[in-house]
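For reference, the structure discussed in these notes is given below.
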Amino acid sequence: MVVHAPFLRWDVIWIPSLISKRRALYYLETAGGERVVAAVQMHGENNRLIYEPLAEFVEEYQGLLNLGDVTKWSFGFQLNAWLDNIVYHSFVQYSEEVVDQCWYMKDFSLPTIAKRLPHSLQQHFKADGSSTWVILRHGLKAWSIEIVNHEFRNGWDVLRDAHGLKKEHKIVFACERKWVFHTIMFNGDGRELVFDWGGPNGHWQDLPPPTGAVHTACLPSTLMAYNTVVKFVYFNAYGPELHTVCIWPCCGE
């Protein structure tokens with residue numbers, strides 16, 4: 001049965017049998033704990049390891065990627081990249097259409113709001129204790145983040161630590177779909193934080209601010225007025241270029 005929900009992560013189950021050619025199964029998991037086996041690691045000719053997608057998975061989830069072109073891989077990192085793409089595109093596939101193609105800003109100046117959604121974005125998420133997962137893209141990396149009662153929960157600390165976010169830093173969220181956001185990060189002087197995974201050949205898009213009152217101050221020397229349009233860079237990354245960061249330490253081990 002096809003699971004119509006975003007996959008939060010992928011992981012591996014090792015097969016201890018000395019008889020079976022299969023050494024491991026790779027599965028994808030949703031927030032509800034549903035698991036779908038997607039690929040297998042096995043011994044091929046001359047006992048060399050090969051990695052293959054399961055035919056039934058390719059047939060059932062053709063809509064996530066152009067999965068029909070996949071046959072097998074010789075290296076684990078190629079399979080890992082394929083699974084990373086499936087995690088990201090599952091959010092794109094099963095998310096709602098664009099909420100507002102605009103930017104939202106989050107300020108880290110107060111510890112009490114360090115984990116809260118930007119105020120103008122809260123209207124799109126429930127505050128009834130239920131859990132919603134989103135994808136935050138920064139360059140060629142993506143993080144699955146849980147939101148509960150307008151607060152970032154599981155995965156947020158991993159993203160924060162990876163970027164060294166601290167007091168006076170700011171993030172601009174560009175909404176692609178309700179659950180998919182691209183981000184730009186700035187230090188206290190309004191200078192963009194640059195990392196190795198920024199990626200080449202970015203595509204630019206003009207994004208207006210959200211409608212209604214904006215409850216956070218504009219970025220110094222970057223956003224000069226309430227109605228500032230942000231020229232936002234994003235990347236169409238596929239294959240080995242896009243890496244979905246797992247917030248669980250067991251991924252891929």
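Ligands are numbered from 1 in the order shown, chains are lettered A, B, ... in the order of the structure tokens, and residues start at 1 in each chain.
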
*asked:* If we count only C-alpha atoms and set the cut-off at 8 Å, which residues sit around Val172 of chain A, ignoring sequence neighbours fewer than 3 positions away in its own chain? Please answer as a VMD selection string.
replied: chain A and resid 103 to 106 183 to 185

At a cut-off of 10 Å, using only C-alpha atoms, what residues contact His150 of chain A? Leave out same-chain residues fewer than 5 positions from it and give the result as a PDB file with all heavy atoms, in the first residue's frame.
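part_16.pdb written:
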ATOM      1  N   LYS A 115      12.828  29.254  19.667  1.00  0.00           N
ATOM      2  CA  LYS A 115      12.294  28.073  18.992  1.00  0.00           C
ATOM      3  C   LYS A 115      10.922  28.298  18.382  1.00  0.00           C
ATOM      4  O   LYS A 115      10.304  27.356  17.892  1.00  0.00           O
ATOM      5  CB  LYS A 115      12.225  26.894  19.972  1.00  0.00           C
ATOM      6  CG  LYS A 115      13.569  26.279  20.312  1.00  0.00           C
ATOM      7  CD  LYS A 115      13.376  24.960  21.036  1.00  0.00           C
ATOM      8  CE  LYS A 115      14.714  24.244  21.216  1.00  0.00           C
ATOM      9  NZ  LYS A 115      14.537  22.900  21.816  1.00  0.00           N
ATOM     10  N   ARG A 116      10.424  29.508  18.386  1.00  0.00           N
ATOM     11  CA  ARG A 116       9.072  29.748  17.903  1.00  0.00           C
ATOM     12  C   ARG A 116       9.058  30.128  16.433  1.00  0.00           C
ATOM     13  O   ARG A 116       9.998  30.730  15.912  1.00  0.00           O
ATOM     14  CB  ARG A 116       8.382  30.840  18.728  1.00  0.00           C
ATOM     15  CG  ARG A 116       8.109  30.409  20.162  1.00  0.00           C
ATOM     16  CD  ARG A 116       7.168  31.351  20.880  1.00  0.00           C
ATOM     17  NE  ARG A 116       5.836  31.367  20.299  1.00  0.00           N
ATOM     18  CZ  ARG A 116       4.901  30.447  20.525  1.00  0.00           C
ATOM     19  NH1 ARG A 116       5.168  29.416  21.297  1.00  0.00           N
ATOM     20  NH2 ARG A 116       3.716  30.542  19.980  1.00  0.00           N
ATOM     21  N   LEU A 117       7.969  29.759  15.758  1.00  0.00           N
ATOM     22  CA  LEU A 117       7.786  30.155  14.369  1.00  0.00           C
ATOM     23  C   LEU A 117       7.718  31.674  14.251  1.00  0.00           C
ATOM     24  O   LEU A 117       7.271  32.347  15.195  1.00  0.00           O
ATOM     25  CB  LEU A 117       6.468  29.587  13.828  1.00  0.00           C
ATOM     26  CG  LEU A 117       6.400  28.118  13.427  1.00  0.00           C
ATOM     27  CD1 LEU A 117       4.947  27.756  13.153  1.00  0.00           C
ATOM     28  CD2 LEU A 117       7.246  27.850  12.204  1.00  0.00           C
ATOM     29  N   PRO A 118       8.127  32.243  13.118  1.00  0.00           N
ATOM     30  CA  PRO A 118       7.856  33.665  12.891  1.00  0.00           C
ATOM     31  C   PRO A 118       6.364  33.931  13.069  1.00  0.00           C
ATOM     32  O   PRO A 118       5.523  33.125  12.652  1.00  0.00           O
ATOM     33  CB  PRO A 118       8.291  33.865  11.432  1.00  0.00           C
ATOM     34  CG  PRO A 118       9.305  32.798  11.198  1.00  0.00           C
ATOM     35  CD  PRO A 118       8.839  31.620  12.011  1.00  0.00           C
ATOM     36  N   HIS A 119       6.020  35.041  13.698  1.00  0.00           N
ATOM     37  CA  HIS A 119       4.628  35.311  14.077  1.00  0.00           C
ATOM     38  C   HIS A 119       3.684  35.240  12.877  1.00  0.00           C
ATOM     39  O   HIS A 119       2.599  34.653  12.964  1.00  0.00           O
ATOM     40  CB  HIS A 119       4.532  36.689  14.733  1.00  0.00           C
ATOM     41  CG  HIS A 119       3.167  36.987  15.294  1.00  0.00           C
ATOM     42  ND1 HIS A 119       2.788  36.631  16.573  1.00  0.00           N
ATOM     43  CD2 HIS A 119       2.088  37.580  14.731  1.00  0.00           C
ATOM     44  CE1 HIS A 119       1.544  37.002  16.781  1.00  0.00           C
ATOM     45  NE2 HIS A 119       1.088  37.591  15.680  1.00  0.00           N
ATOM     46  N   LEU A 121       3.829  33.560  10.295  1.00  0.00           N
ATOM     47  CA  LEU A 121       3.723  32.219   9.731  1.00  0.00           C
ATOM     48  C   LEU A 121       2.865  31.306  10.595  1.00  0.00           C
ATOM     49  O   LEU A 121       2.400  30.259  10.133  1.00  0.00           O
ATOM     50  CB  LEU A 121       5.121  31.626   9.570  1.00  0.00           C
ATOM     51  CG  LEU A 121       5.297  30.288   8.849  1.00  0.00           C
ATOM     52  CD1 LEU A 121       4.662  30.336   7.460  1.00  0.00           C
ATOM     53  CD2 LEU A 121       6.765  29.924   8.744  1.00  0.00           C
ATOM     54  N   GLN A 122       2.598  31.709  11.831  1.00  0.00           N
ATOM     55  CA  GLN A 122       1.891  30.835  12.776  1.00  0.00           C
ATOM     56  C   GLN A 122       0.466  30.533  12.334  1.00  0.00           C
ATOM     57  O   GLN A 122      -0.076  29.470  12.673  1.00  0.00           O
ATOM     58  CB  GLN A 122       1.893  31.474  14.159  1.00  0.00           C
ATOM     59  CG  GLN A 122       3.266  31.546  14.796  1.00  0.00           C
ATOM     60  CD  GLN A 122       3.266  32.233  16.149  1.00  0.00           C
ATOM     61  OE1 GLN A 122       2.190  32.450  16.730  1.00  0.00           O
ATOM     62  NE2 GLN A 122       4.439  32.580  16.663  1.00  0.00           N
ATOM     63  N   GLN A 123      -0.136  31.425  11.572  1.00  0.00           N
ATOM     64  CA  GLN A 123      -1.532  31.226  11.164  1.00  0.00           C
ATOM     65  C   GLN A 123      -1.716  29.974  10.303  1.00  0.00           C
ATOM     66  O   GLN A 123      -2.818  29.440  10.187  1.00  0.00           O
ATOM     67  CB  GLN A 123      -2.018  32.444  10.381  1.00  0.00           C
ATOM     68  CG  GLN A 123      -1.215  32.693   9.107  1.00  0.00           C
ATOM     69  CD  GLN A 123      -1.678  33.900   8.346  1.00  0.00           C
ATOM     70  OE1 GLN A 123      -2.880  34.040   8.078  1.00  0.00           O
ATOM     71  NE2 GLN A 123      -0.760  34.788   7.991  1.00  0.00           N
ATOM     72  N   HIS A 124      -0.633  29.492   9.718  1.00  0.00           N
ATOM     73  CA  HIS A 124      -0.731  28.346   8.821  1.00  0.00           C
ATOM     74  C   HIS A 124      -0.515  27.013   9.531  1.00  0.00           C
ATOM     75  O   HIS A 124      -0.571  25.959   8.897  1.00  0.00           O
ATOM     76  CB  HIS A 124       0.290  28.475   7.685  1.00  0.00           C
ATOM     77  CG  HIS A 124       0.132  29.733   6.879  1.00  0.00           C
ATOM     78  ND1 HIS A 124      -1.018  30.011   6.177  1.00  0.00           N
ATOM     79  CD2 HIS A 124       0.976  30.793   6.689  1.00  0.00           C
ATOM     80  CE1 HIS A 124      -0.873  31.190   5.568  1.00  0.00           C
ATOM     81  NE2 HIS A 124       0.322  31.670   5.863  1.00  0.00           N
ATOM     82  N   PHE A 125      -0.249  27.029  10.845  1.00  0.00           N
ATOM     83  CA  PHE A 125       0.014  25.807  11.584  1.00  0.00           C
ATOM     84  C   PHE A 125      -0.866  25.748  12.832  1.00  0.00           C
ATOM     85  O   PHE A 125      -1.096  26.761  13.483  1.00  0.00           O
ATOM     86  CB  PHE A 125       1.489  25.725  11.987  1.00  0.00           C
ATOM     87  CG  PHE A 125       2.414  25.553  10.816  1.00  0.00           C
ATOM     88  CD1 PHE A 125       2.892  26.665  10.132  1.00  0.00           C
ATOM     89  CD2 PHE A 125       2.782  24.292  10.391  1.00  0.00           C
ATOM     90  CE1 PHE A 125       3.731  26.516   9.043  1.00  0.00           C
ATOM     91  CE2 PHE A 125       3.624  24.138   9.303  1.00  0.00           C
ATOM     92  CZ  PHE A 125       4.100  25.249   8.626  1.00  0.00           C
ATOM     93  N   LYS A 126      -1.327  24.558  13.182  1.00  0.00           N
ATOM     94  CA  LYS A 126      -2.203  24.374  14.325  1.00  0.00           C
ATOM     95  C   LYS A 126      -1.437  24.546  15.631  1.00  0.00           C
ATOM     96  O   LYS A 126      -0.227  24.364  15.686  1.00  0.00           O
ATOM     97  CB  LYS A 126      -2.832  22.978  14.282  1.00  0.00           C
ATOM     98  CG  LYS A 126      -3.736  22.737  13.080  1.00  0.00           C
ATOM     99  CD  LYS A 126      -4.292  21.327  13.099  1.00  0.00           C
ATOM    100  CE  LYS A 126      -5.200  21.077  11.904  1.00  0.00           C
ATOM    101  NZ  LYS A 126      -5.740  19.689  11.889  1.00  0.00           N
ATOM    102  N   ALA A 127      -2.166  24.915  16.685  1.00  0.00           N
ATOM    103  CA  ALA A 127      -1.576  25.051  18.019  1.00  0.00           C
ATOM    104  C   ALA A 127      -2.383  24.222  19.007  1.00  0.00           C
ATOM    105  O   ALA A 127      -2.723  24.676  20.094  1.00  0.00           O
ATOM    106  CB  ALA A 127      -1.543  26.513  18.442  1.00  0.00           C
ATOM    107  N   ASP A 128      -2.707  22.985  18.615  1.00  0.00           N
ATOM    108  CA  ASP A 128      -3.541  22.115  19.448  1.00  0.00           C
ATOM    109  C   ASP A 128      -2.767  20.919  20.001  1.00  0.00           C
ATOM    110  O   ASP A 128      -3.355  19.917  20.408  1.00  0.00           O
ATOM    111  CB  ASP A 128      -4.743  21.618  18.633  1.00  0.00           C
ATOM    112  CG  ASP A 128      -4.326  20.863  17.370  1.00  0.00           C
ATOM    113  OD1 ASP A 128      -3.107  20.708  17.141  1.00  0.00           O
ATOM    114  OD2 ASP A 128      -5.224  20.437  16.606  1.00  0.00           O
ATOM    115  N   GLY A 129      -1.437  21.012  19.994  1.00  0.00           N
ATOM    116  CA  GLY A 129      -0.621  19.915  20.487  1.00  0.00           C
ATOM    117  C   GLY A 129      -0.253  18.886  19.435  1.00  0.00           C
ATOM    118  O   GLY A 129       0.542  17.983  19.706  1.00  0.00           O
ATOM    119  N   SER A 131       1.392  17.391  15.894  1.00  0.00           N
ATOM    120  CA  SER A 131       2.740  17.514  15.326  1.00  0.00           C
ATOM    121  C   SER A 131       2.675  17.701  13.822  1.00  0.00           C
ATOM    122  O   SER A 131       1.930  16.999  13.134  1.00  0.00           O
ATOM    123  CB  SER A 131       3.557  16.259  15.665  1.00  0.00           C
ATOM    124  OG  SER A 131       4.809  16.275  15.024  1.00  0.00           O
ATOM    125  N   THR A 132       3.423  18.665  13.300  1.00  0.00           N
ATOM    126  CA  THR A 132       3.563  18.877  11.863  1.00  0.00           C
ATOM    127  C   THR A 132       5.052  18.911  11.532  1.00  0.00           C
ATOM    128  O   THR A 132       5.824  19.583  12.213  1.00  0.00           O
ATOM    129  CB  THR A 132       2.924  20.207  11.424  1.00  0.00           C
ATOM    130  OG1 THR A 132       1.537  20.201  11.760  1.00  0.00           O
ATOM    131  CG2 THR A 132       3.074  20.408   9.923  1.00  0.00           C
TER     132      THR A 132
END

*Just give me the gap between atom CA of Val92 of chain A and atom CA of Phe75 of chain A in Å, one decimal is fine.*
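Taking atom CA of Val92 of chain A as the start and atom CA of Phe75 of chain A as the end point, the length is 26.8 Å.
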
_Straight-line distance linking atom CA of Ala31 of chain A with atom CA of Leu8 of chain A, stated in Å to one decimal_ =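 Calculated distance between atom CA of Ala31 of chain A and atom CA of Leu8 of chain A is 6.3 Å.
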
*Write out as a ChimeraX atom specification each polymer residue whose atoms come within 12 Å of Arg153 of chain A, counting only C-alpha atoms; drop sequence neighbours fewer than 2 positions from it.*
/A:114-117,129-134,144-151,155-160,247

*asked:* as a VMD selection string, please: the residues near Tyr88 of chain A (cut-off 9 Å, only C-alpha atoms, same-chain neighbours under 4 positions excluded).
replied: chain A and resid 6 to 8 83 to 84 92 to 93 135 142 to 144 180 242 to 244

*Using only C-alpha atoms, find the one residue out of A:Trp10, A:Val3, A:Tyr27, A:Gln41 that sits nearest to Glu60 of chain A.*
A:Val3

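Atom CA of His138 of chain A is positioned 19.5 Å from atom CA of Lys167 of chain A.
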
*Spatial neighbours of Glu192 of chain A, 10 Å, only C-alpha atoms, chain gap at least 3 places, as a ChimeraX atom specification*: /A:169-171,184-189,195,222

Output for the residues just chosen: N, CA, C and O atoms as a PDB file, in the first residue's frame:
ATOM      1  N   HIS A 169      21.345  36.549  15.637  1.00  0.00           N
ATOM      2  CA  HIS A 169      21.243  36.009  14.282  1.00  0.00           C
ATOM      3  C   HIS A 169      19.782  36.044  13.827  1.00  0.00           C
ATOM      4  O   HIS A 169      18.870  36.073  14.641  1.00  0.00           O
ATOM      5  N   LYS A 170      19.589  36.017  12.525  1.00  0.00           N
ATOM      6  CA  LYS A 170      18.247  36.053  11.947  1.00  0.00           C
ATOM      7  C   LYS A 170      18.167  35.064  10.792  1.00  0.00           C
ATOM      8  O   LYS A 170      19.162  34.796  10.122  1.00  0.00           O
ATOM      9  N   ILE A 171      16.979  34.519  10.590  1.00  0.00           N
ATOM     10  CA  ILE A 171      16.716  33.634   9.454  1.00  0.00           C
ATOM     11  C   ILE A 171      15.544  34.190   8.662  1.00  0.00           C
ATOM     12  O   ILE A 171      14.537  34.596   9.235  1.00  0.00           O
ATOM     13  N   ILE A 184      17.631  31.807   4.294  1.00  0.00           N
ATOM     14  CA  ILE A 184      18.854  32.602   4.279  1.00  0.00           C
ATOM     15  C   ILE A 184      19.126  32.994   5.727  1.00  0.00           C
ATOM     16  O   ILE A 184      18.199  33.330   6.467  1.00  0.00           O
ATOM     17  N   MET A 185      20.388  32.968   6.143  1.00  0.00           N
ATOM     18  CA  MET A 185      20.738  33.247   7.534  1.00  0.00           C
ATOM     19  C   MET A 185      21.716  34.418   7.600  1.00  0.00           C
ATOM     20  O   MET A 185      22.603  34.544   6.753  1.00  0.00           O
ATOM     21  N   PHE A 186      21.526  35.281   8.619  1.00  0.00           N
ATOM     22  CA  PHE A 186      22.324  36.495   8.763  1.00  0.00           C
ATOM     23  C   PHE A 186      22.862  36.614  10.186  1.00  0.00           C
ATOM     24  O   PHE A 186      22.224  36.174  11.140  1.00  0.00           O
ATOM     25  N   ASN A 187      24.025  37.236  10.311  1.00  0.00           N
ATOM     26  CA  ASN A 187      24.546  37.536  11.645  1.00  0.00           C
ATOM     27  C   ASN A 187      23.972  38.856  12.137  1.00  0.00           C
ATOM     28  O   ASN A 187      23.126  39.470  11.487  1.00  0.00           O
ATOM     29  N   GLY A 188      24.419  39.320  13.296  1.00  0.00           N
ATOM     30  CA  GLY A 188      23.869  40.531  13.889  1.00  0.00           C
ATOM     31  C   GLY A 188      24.144  41.791  13.091  1.00  0.00           C
ATOM     32  O   GLY A 188      23.468  42.814  13.277  1.00  0.00           O
ATOM     33  N   ASP A 189      25.139  41.761  12.193  1.00  0.00           N
ATOM     34  CA  ASP A 189      25.453  42.922  11.354  1.00  0.00           C
ATOM     35  C   ASP A 189      24.729  42.891  10.023  1.00  0.00           C
ATOM     36  O   ASP A 189      24.954  43.753   9.165  1.00  0.00           O
ATOM     37  N   PHE A 195      28.111  28.908   4.025  1.00  0.00           N
ATOM     38  CA  PHE A 195      28.615  27.587   4.402  1.00  0.00           C
ATOM     39  C   PHE A 195      29.024  26.810   3.154  1.00  0.00           C
ATOM     40  O   PHE A 195      28.689  27.186   2.036  1.00  0.00           O
ATOM     41  N   THR A 222      19.854  45.266   5.099  1.00  0.00           N
ATOM     42  CA  THR A 222      19.447  44.295   4.087  1.00  0.00           C
ATOM     43  C   THR A 222      18.006  44.529   3.658  1.00  0.00           C
ATOM     44  O   THR A 222      17.702  44.638   2.481  1.00  0.00           O
TER      45      THR A 222
END

*Would you mind listing what lies within 12 Å of Met1 of chain A as a list in words, with only C-alpha atoms counted and same-chain residues fewer than 4 positions away left out?*
Glu34, Arg35, Val36, Val37, Glu56, Phe57, Glu59, Glu60 and Tyr61 of chain A

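Each of A:Leu136, A:Leu64, A:Leu25, A:Ala5 was compared to Ser95 of chain A using only C-alpha atoms, and A:Ala5 turns out to be the nearest.
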